[in-house]
file structure.txt (compact mmCIF, C-alpha atoms and all ligand atoms)
# COMPACT_ATOMS: atom_id res chain seq x y z
CA MET E 1 -11.93 4.68 14.04
CA PRO E 2 -8.49 3.32 13.19
CA THR E 3 -5.61 5.78 13.08
CA VAL E 4 -4.39 6.12 9.48
CA LEU E 5 -1.63 8.58 10.29
CA GLY E 6 0.17 9.27 13.54
CA THR E 7 3.26 10.76 15.08
CA HIS E 8 4.78 10.28 18.50
CA GLY E 9 7.38 12.64 19.93
CA LEU E 10 8.15 13.90 16.44
CA THR E 11 11.27 16.05 16.53
CA ARG E 12 13.08 17.85 13.71
CA ARG E 13 16.17 19.92 14.22
CA PHE E 14 18.12 21.68 11.47
CA ASP E 15 21.79 22.61 11.62
CA THR E 16 22.11 26.24 10.60
CA PRO E 17 25.08 28.63 10.58
CA ALA E 18 23.57 30.20 13.69
CA GLY E 19 23.46 26.82 15.44
CA PRO E 20 20.85 24.07 15.76
CA LEU E 21 17.26 25.12 15.06
CA LEU E 22 14.57 23.05 16.78
CA VAL E 23 11.48 23.25 14.56
CA LEU E 24 9.40 20.32 15.82
CA ALA E 25 9.77 19.51 19.51
CA GLY E 26 8.10 16.21 20.32
CA LEU E 27 4.91 16.64 18.34
CA ASP E 28 2.04 14.15 18.72
CA LEU E 29 -0.70 13.77 16.11
CA GLU E 30 -3.35 11.15 15.44
CA VAL E 31 -5.55 11.27 12.36
CA ALA E 32 -8.51 8.91 12.15
CA ALA E 33 -9.79 7.32 8.94
CA GLY E 34 -11.72 9.86 6.90
CA GLU E 35 -10.94 12.75 9.23
CA VAL E 36 -10.15 16.24 7.88
CA VAL E 37 -7.57 18.09 10.01
CA ALA E 38 -6.47 21.67 9.33
CA ILE E 39 -3.04 22.79 10.53
CA THR E 40 -2.42 26.49 10.91
CA GLY E 41 0.45 28.53 12.33
CA PRO E 42 2.59 31.52 11.41
CA SER E 43 5.18 31.45 8.66
CA GLY E 44 8.25 29.55 9.85
CA SER E 45 6.38 27.62 12.55
CA GLY E 46 7.18 24.29 10.88
CA LYS E 47 4.05 23.40 8.92
CA SER E 48 5.88 22.34 5.76
CA THR E 49 8.53 20.59 7.82
CA LEU E 50 5.76 18.59 9.50
CA LEU E 51 4.07 17.72 6.20
CA HIS E 52 7.34 16.55 4.65
CA LEU E 53 7.91 14.27 7.63
CA LEU E 54 4.34 12.95 7.45
CA ALA E 55 4.88 12.26 3.76
CA GLY E 56 8.11 10.38 4.43
CA LEU E 57 10.03 12.87 2.29
CA ASP E 58 12.21 13.86 5.24
CA ARG E 59 13.45 11.95 8.29
CA PRO E 60 12.81 12.94 11.88
CA SER E 61 15.71 13.83 14.17
CA ALA E 62 13.81 11.79 16.78
CA GLY E 63 10.35 10.37 17.24
CA GLU E 64 7.98 8.30 15.16
CA VAL E 65 5.80 8.58 12.07
CA TRP E 66 3.18 5.89 11.45
CA TRP E 67 1.10 5.19 8.35
CA GLY E 68 -1.48 2.93 9.95
CA ASP E 69 0.62 0.15 11.45
CA LEU E 70 3.66 0.90 9.28
CA ALA E 71 6.61 2.46 11.15
CA VAL E 72 7.80 4.96 8.53
CA HIS E 73 10.66 6.28 10.67
CA ALA E 74 12.21 2.80 10.74
CA LEU E 75 12.21 2.26 6.95
CA SER E 76 14.88 3.10 4.38
CA ALA E 77 14.07 5.97 1.99
CA GLU E 78 13.58 3.43 -0.78
CA ARG E 79 11.07 1.39 1.19
CA VAL E 80 9.24 4.55 2.22
CA ALA E 81 8.92 5.56 -1.43
CA ARG E 82 7.49 2.15 -2.32
CA ALA E 83 5.15 2.11 0.67
CA ARG E 84 3.84 5.62 -0.07
CA ALA E 85 1.99 4.61 -3.23
CA GLY E 86 -1.56 3.71 -2.28
CA ARG E 87 -1.16 4.98 1.28
CA VAL E 88 -0.41 8.69 1.07
CA GLY E 89 -1.41 11.21 -1.61
CA LEU E 90 0.37 14.55 -1.85
CA VAL E 91 -0.93 17.92 -3.02
CA PHE E 92 1.71 20.60 -2.84
CA GLN E 93 1.63 24.04 -4.39
CA HIS E 94 4.30 23.05 -6.89
CA HIS E 95 2.40 20.14 -8.22
CA HIS E 96 4.68 19.02 -11.06
CA LEU E 97 2.14 18.03 -13.67
CA LEU E 98 3.81 16.66 -16.77
CA ALA E 99 3.54 19.22 -19.56
CA ASP E 100 3.25 16.73 -22.43
CA LEU E 101 0.44 14.74 -20.85
CA SER E 102 -3.26 15.59 -20.84
CA ALA E 103 -5.19 16.19 -17.62
CA HIS E 104 -6.49 12.61 -17.76
CA GLU E 105 -3.01 11.20 -18.41
CA ASN E 106 -1.60 13.20 -15.50
CA VAL E 107 -4.33 11.91 -13.17
CA THR E 108 -3.71 8.29 -14.18
CA LEU E 109 0.08 8.66 -14.13
CA PRO E 110 0.47 6.57 -10.95
CA GLY E 111 -1.26 3.74 -12.83
CA ARG E 112 1.04 4.12 -15.83
CA VAL E 113 4.03 3.91 -13.53
CA ALA E 114 2.59 0.76 -11.95
CA GLY E 115 1.86 -0.71 -15.39
CA ARG E 116 -1.94 -0.67 -15.32
CA VAL E 117 -4.09 2.36 -16.06
CA ASP E 118 -7.68 2.53 -14.80
CA ALA E 119 -9.09 5.01 -17.30
CA ARG E 120 -12.52 5.00 -15.68
CA ARG E 121 -11.01 5.90 -12.33
CA GLY E 122 -9.32 8.84 -14.06
CA ASP E 123 -12.63 9.98 -15.53
CA ALA E 124 -14.44 9.65 -12.19
CA LEU E 125 -11.78 11.72 -10.45
CA LEU E 126 -11.83 14.41 -13.13
CA GLU E 127 -15.58 14.58 -12.68
CA ALA E 128 -15.19 14.81 -8.89
CA VAL E 129 -12.93 17.86 -9.29
CA GLY E 130 -15.15 19.43 -11.97
CA LEU E 131 -12.79 19.01 -14.92
CA THR E 132 -14.58 16.56 -17.18
CA ALA E 133 -14.66 19.14 -19.97
CA ARG E 134 -10.87 19.62 -19.72
CA ARG E 135 -10.04 15.90 -19.80
CA ASP E 136 -7.71 16.13 -22.79
CA ALA E 137 -6.23 19.57 -22.08
CA ARG E 138 -2.48 20.03 -21.52
CA PRO E 139 -1.48 21.68 -18.22
CA ARG E 140 -0.25 24.88 -19.90
CA THR E 141 -3.76 25.54 -21.22
CA LEU E 142 -5.28 25.18 -17.73
CA SER E 143 -5.61 27.91 -15.11
CA GLY E 144 -3.62 27.66 -11.87
CA GLY E 145 -6.70 26.48 -9.99
CA GLU E 146 -7.54 23.90 -12.65
CA ARG E 147 -3.99 22.55 -12.51
CA LEU E 148 -4.28 22.19 -8.77
CA ARG E 149 -7.53 20.31 -9.21
CA VAL E 150 -5.76 17.92 -11.60
CA ALA E 151 -3.11 17.49 -8.89
CA VAL E 152 -5.88 16.75 -6.35
CA ALA E 153 -7.35 14.08 -8.65
CA ARG E 154 -3.90 12.56 -9.24
CA ALA E 155 -3.20 12.46 -5.48
CA LEU E 156 -6.34 10.37 -5.01
CA TYR E 157 -5.88 8.04 -7.98
CA ALA E 158 -4.25 5.20 -5.99
CA ARG E 159 -6.92 5.42 -3.23
CA PRO E 160 -4.59 6.58 -0.45
CA ALA E 161 -5.85 6.37 3.13
CA VAL E 162 -4.60 9.89 3.70
CA VAL E 163 -3.97 12.99 1.59
CA LEU E 164 -1.47 15.65 2.69
CA ALA E 165 -1.91 19.15 1.28
CA ASP E 166 0.48 22.05 1.93
CA GLU E 167 -1.16 25.41 1.35
CA PRO E 168 -2.67 24.26 -1.94
CA THR E 169 -4.57 27.49 -2.46
CA GLY E 170 -1.83 29.93 -1.53
CA SER E 171 -1.36 31.53 -4.93
CA LEU E 172 -5.01 31.62 -6.02
CA ASP E 173 -7.74 34.22 -5.88
CA ARG E 174 -10.66 33.49 -3.60
CA ALA E 175 -12.98 31.93 -6.21
CA SER E 176 -10.30 29.57 -7.56
CA ALA E 177 -9.15 28.73 -4.03
CA ASP E 178 -12.71 27.84 -3.06
CA ALA E 179 -13.01 25.61 -6.12
CA VAL E 180 -9.80 23.77 -5.20
CA VAL E 181 -10.86 23.31 -1.57
CA ASP E 182 -14.34 22.18 -2.68
CA ALA E 183 -12.72 19.65 -5.02
CA LEU E 184 -10.30 18.45 -2.36
CA LEU E 185 -12.98 17.99 0.31
CA ALA E 186 -15.42 16.33 -2.11
CA ALA E 187 -12.76 13.96 -3.44
CA VAL E 188 -11.51 12.83 -0.01
CA ALA E 189 -15.10 12.45 1.22
CA ALA E 190 -16.04 10.34 -1.82
CA ASP E 191 -13.06 8.06 -1.20
CA GLY E 192 -13.24 8.02 2.60
CA ALA E 193 -9.65 9.32 2.72
CA ALA E 194 -8.35 11.40 5.60
CA LEU E 195 -6.92 14.84 4.85
CA VAL E 196 -4.26 16.90 6.60
CA LEU E 197 -4.48 20.39 5.21
CA VAL E 198 -1.96 23.14 5.96
CA THR E 199 -3.53 26.53 5.43
CA HIS E 200 -3.13 30.20 6.34
CA ASP E 201 -6.75 30.78 5.48
CA ALA E 202 -9.14 30.73 8.46
CA ARG E 203 -12.09 30.22 6.10
CA VAL E 204 -10.49 27.06 4.75
CA ALA E 205 -9.52 25.83 8.23
CA ALA E 206 -13.12 26.34 9.35
CA ARG E 207 -14.22 23.62 6.94
CA ALA E 208 -12.09 20.92 8.61
CA ASP E 209 -13.42 18.47 11.20
CA ARG E 210 -10.65 19.57 13.56
CA ARG E 211 -8.08 22.36 13.74
CA ALA E 212 -4.67 22.53 15.37
CA ARG E 213 -2.08 25.30 15.47
CA LEU E 214 1.67 24.74 15.37
CA ASP E 215 3.18 26.60 18.27
CA GLY E 216 6.61 26.05 19.80
CA GLY E 217 7.11 22.91 17.76
CA ARG E 218 3.95 21.20 18.97
CA LEU E 219 0.30 21.14 17.97
CA VAL E 220 -2.21 23.07 20.05
CA PRO E 221 -5.86 22.17 19.47
CA GLU E 222 -7.98 25.09 18.26
CA PRO E 223 -11.58 25.37 19.43
CA SER E 224 -14.18 24.53 16.83
CA VAL E 225 -15.51 27.58 15.05
CA ASP E 226 -19.09 27.30 16.22
CA ALA E 227 -18.19 26.48 19.85
N1 LIG E 301 16.39 22.32 5.31
C1 LIG E 301 16.38 23.29 6.24
N2 LIG E 301 17.52 23.74 6.80
C2 LIG E 301 17.50 24.69 7.75
N3 LIG E 301 16.38 25.28 8.20
C3 LIG E 301 15.21 24.87 7.68
C4 LIG E 301 15.15 23.87 6.67
N4 LIG E 301 13.84 23.68 6.34
C5 LIG E 301 13.14 24.54 7.11
N5 LIG E 301 13.95 25.26 7.91
C6 LIG E 301 13.54 26.27 8.89
O1 LIG E 301 12.56 25.67 9.73
C7 LIG E 301 11.56 26.61 10.07
C8 LIG E 301 10.20 26.07 9.67
O2 LIG E 301 10.11 26.06 8.24
P1 LIG E 301 8.79 25.59 7.49
O3 LIG E 301 9.06 25.69 6.05
O4 LIG E 301 8.38 24.28 8.03
O5 LIG E 301 7.73 26.71 7.97
P2 LIG E 301 6.21 26.91 7.53
O6 LIG E 301 5.40 26.91 8.78
O7 LIG E 301 5.85 25.94 6.47
O8 LIG E 301 6.24 28.40 6.94
P3 LIG E 301 5.37 29.04 5.72
O9 LIG E 301 4.02 29.35 6.30
O10 LIG E 301 6.14 30.30 5.40
O11 LIG E 301 5.35 28.08 4.59
C9 LIG E 301 11.95 27.91 9.39
O12 LIG E 301 12.64 28.71 10.33
C10 LIG E 301 12.87 27.47 8.28
O13 LIG E 301 13.81 28.46 7.97
MG MG E 302 5.34 26.14 4.44
call {"tool": "encode", "arguments": {"input": "structure.txt", "output": "structure tokens"}}
result
Amino acid sequence: MPTVLGTHGLTRRFDTPAGPLLVLAGLDLEVAAGEVVAITGPSGSGKSTLLHLLAGLDRPSAGEVWWGDLAVHALSAERVARARAGRVGLVFQHHHLLADLSAHENVTLPGRVAGRVDARRGDALLEAVGLTARRDARPRTLSGGERLRVAVARALYARPAVVLADEPTGSLDRASADAVVDALLAAVAADGAALVLVTHDARVAARADRRARLDGGRLVPEPSVDA
């Protein structure tokens, strides 16, 4: 399986009033095509820091981030932003749906930006996340879980090789969280996309192909649940 996402010696240090804070200390990660990886770890262990670096939204202090054979760490912020479309989909808790657009228009927004909307792709994705009946609804009339499912569909619209999700179910009750995770896993499986999923929830992590815990700025593999 080709590696669609990788890091080598990934290091991120922040300058704080109390001195430098080393959050990621030479972290190595390889994600294969279609693989679902759950990342766990206590609050403050660096999970969001890692996801921002994987998304190319932040720059490493040292080390490498690869999207397939593209050396993200070596690109300007502008080139990273251009390269991200079609390679990496993002699902964060603050999903920034546009209030004046319908669910379908939000899902197909990346197409609008690129100048060509694939309406059928939008419909297929809304069906994959169970929102066909809410196709024309505005975000404010959707529940929190439904909005997140729209964000999941939008993240997949451009057929990225990998989707990054940071605690997407954090603010939801169990039933809505399950519906979001179901939608996310079904959508990435249907597209053959890989998924890196940050979660506090052991039940969610158990559904991944592989689990790793952030500890001391590096990833420690977690045994599989049924081992
Ligand atoms: N821009 C920044 N400047 C200084 N310190 C930062 C910055 N961003 C993150 N940190 C610090 O880095 C550490 C890791 O933060 P991060 O947000 O990655 O943790 P997390 O594992 O996502 O936690 P949570 O589970 O609470 O979301 C924390 O100690 C945080 O205070
Ligand atoms: Mg976080």
call {"tool": "residues_around", "arguments": {"input": "structure.txt", "residues": "segment 33-49 of chain E", "least_positions_apart": "4", "cutoff": "6 Å", "atoms": "only C-alpha atoms", "output": "PyMOL selection string"}}
result
chain E and resi 2+4+23+192-200+205+208-214
call {"tool": "atom_distance", "arguments": {"input": "structure.txt", "atom1": "atom CA of Gly115 of chain E", "atom2": "atom CA of Arg82 of chain E"}}
result
14.5 Å
call {"tool": "closest_residue", "arguments": {"input": "structure.txt", "among": "E:Ser176, E:Gln93, E:Thr7, E:Ser76", "to": "ligand LIG 301 (chain E)", "atoms": "all atoms listed in the file"}}
result
E:Gln93
call {"tool": "atom_distance", "arguments": {"input": "structure.txt", "atom1": "atom N1 of ligand LIG 301 (chain E)", "atom2": "atom CA of Leu98 of chain E"}}
result
26.0 Å
call {"tool": "atom_distance", "arguments": {"input": "structure.txt", "atom1": "atom CA of Ala77 of chain E", "atom2": "atom O4 of ligand LIG 301 (chain E)"}}
result
20.1 Å
call {"tool": "closest_residue", "arguments": {"input": "structure.txt", "among": "E:Ala179, E:Ala62, E:Leu51, E:Ala133", "to": "ligand MG 302 (chain E)", "atoms": "only C-alpha atoms and all ligand atoms"}}
result
E:Leu51
call {"tool": "axis_aligned_box", "arguments": {"input": "structure.txt", "around": "ligand LIG 301 (chain E)", "padding_each_side": "5 Å", "output": "AutoDock Vina command-line options"}}
result
--center_x 10.8 --center_y 26.3 --center_z 7.5 --size_x 23.5 --size_y 18.0 --size_z 15.7
call {"tool": "build_atoms", "arguments": {"input": "structure.txt", "residues": "segment 205-221 of chain E", "atoms": "N, CA, C and O atoms", "output": "compact mmCIF listing (two decimals), in the coordinates of the input"}}
result
# COMPACT_ATOMS: atom_id res chain seq x y z
N ALA E 205 -9.68 26.63 7.00
CA ALA E 205 -9.52 25.83 8.23
C ALA E 205 -10.89 25.54 8.86
O ALA E 205 -11.11 24.46 9.42
N ALA E 206 -11.80 26.49 8.74
CA ALA E 206 -13.12 26.34 9.35
C ALA E 206 -13.89 25.16 8.77
O ALA E 206 -14.81 24.65 9.38
N ARG E 207 -13.49 24.71 7.58
CA ARG E 207 -14.22 23.62 6.94
C ARG E 207 -13.71 22.24 7.37
O ARG E 207 -14.28 21.23 6.98
N ALA E 208 -12.64 22.20 8.15
CA ALA E 208 -12.09 20.92 8.61
C ALA E 208 -12.91 20.38 9.78
O ALA E 208 -13.65 21.11 10.43
N ASP E 209 -12.78 19.07 10.03
CA ASP E 209 -13.42 18.47 11.20
C ASP E 209 -12.75 18.96 12.48
O ASP E 209 -13.39 19.06 13.54
N ARG E 210 -11.45 19.25 12.37
CA ARG E 210 -10.65 19.57 13.56
C ARG E 210 -9.52 20.49 13.13
O ARG E 210 -9.01 20.37 12.02
N ARG E 211 -9.14 21.41 14.03
CA ARG E 211 -8.08 22.36 13.74
C ARG E 211 -7.01 22.28 14.83
O ARG E 211 -7.34 22.10 16.01
N ALA E 212 -5.75 22.45 14.40
CA ALA E 212 -4.67 22.53 15.37
C ALA E 212 -3.66 23.55 14.86
O ALA E 212 -3.47 23.70 13.66
N ARG E 213 -3.05 24.26 15.81
CA ARG E 213 -2.08 25.30 15.47
C ARG E 213 -0.69 24.84 15.89
O ARG E 213 -0.52 24.30 16.99
N LEU E 214 0.28 25.06 15.01
CA LEU E 214 1.67 24.74 15.37
C LEU E 214 2.23 25.89 16.18
O LEU E 214 2.22 27.04 15.74
N ASP E 215 2.69 25.56 17.37
CA ASP E 215 3.18 26.60 18.27
C ASP E 215 4.30 25.99 19.11
O ASP E 215 4.07 24.99 19.80
N GLY E 216 5.49 26.56 19.01
CA GLY E 216 6.61 26.05 19.80
C GLY E 216 6.96 24.62 19.45
O GLY E 216 7.45 23.88 20.30
N GLY E 217 6.72 24.24 18.20
CA GLY E 217 7.11 22.91 17.76
C GLY E 217 6.15 21.80 18.12
O GLY E 217 6.44 20.63 17.93
N ARG E 218 4.99 22.20 18.66
CA ARG E 218 3.95 21.20 18.97
C ARG E 218 2.60 21.68 18.47
O ARG E 218 2.43 22.87 18.18
N LEU E 219 1.64 20.77 18.44
CA LEU E 219 0.30 21.14 17.97
C LEU E 219 -0.59 21.49 19.16
O LEU E 219 -0.64 20.77 20.15
N VAL E 220 -1.27 22.62 19.03
CA VAL E 220 -2.21 23.07 20.05
C VAL E 220 -3.60 23.01 19.44
O VAL E 220 -3.84 23.63 18.40
N PRO E 221 -4.52 22.25 20.04
CA PRO E 221 -5.86 22.17 19.47
C PRO E 221 -6.53 23.54 19.44
O PRO E 221 -6.38 24.32 20.39
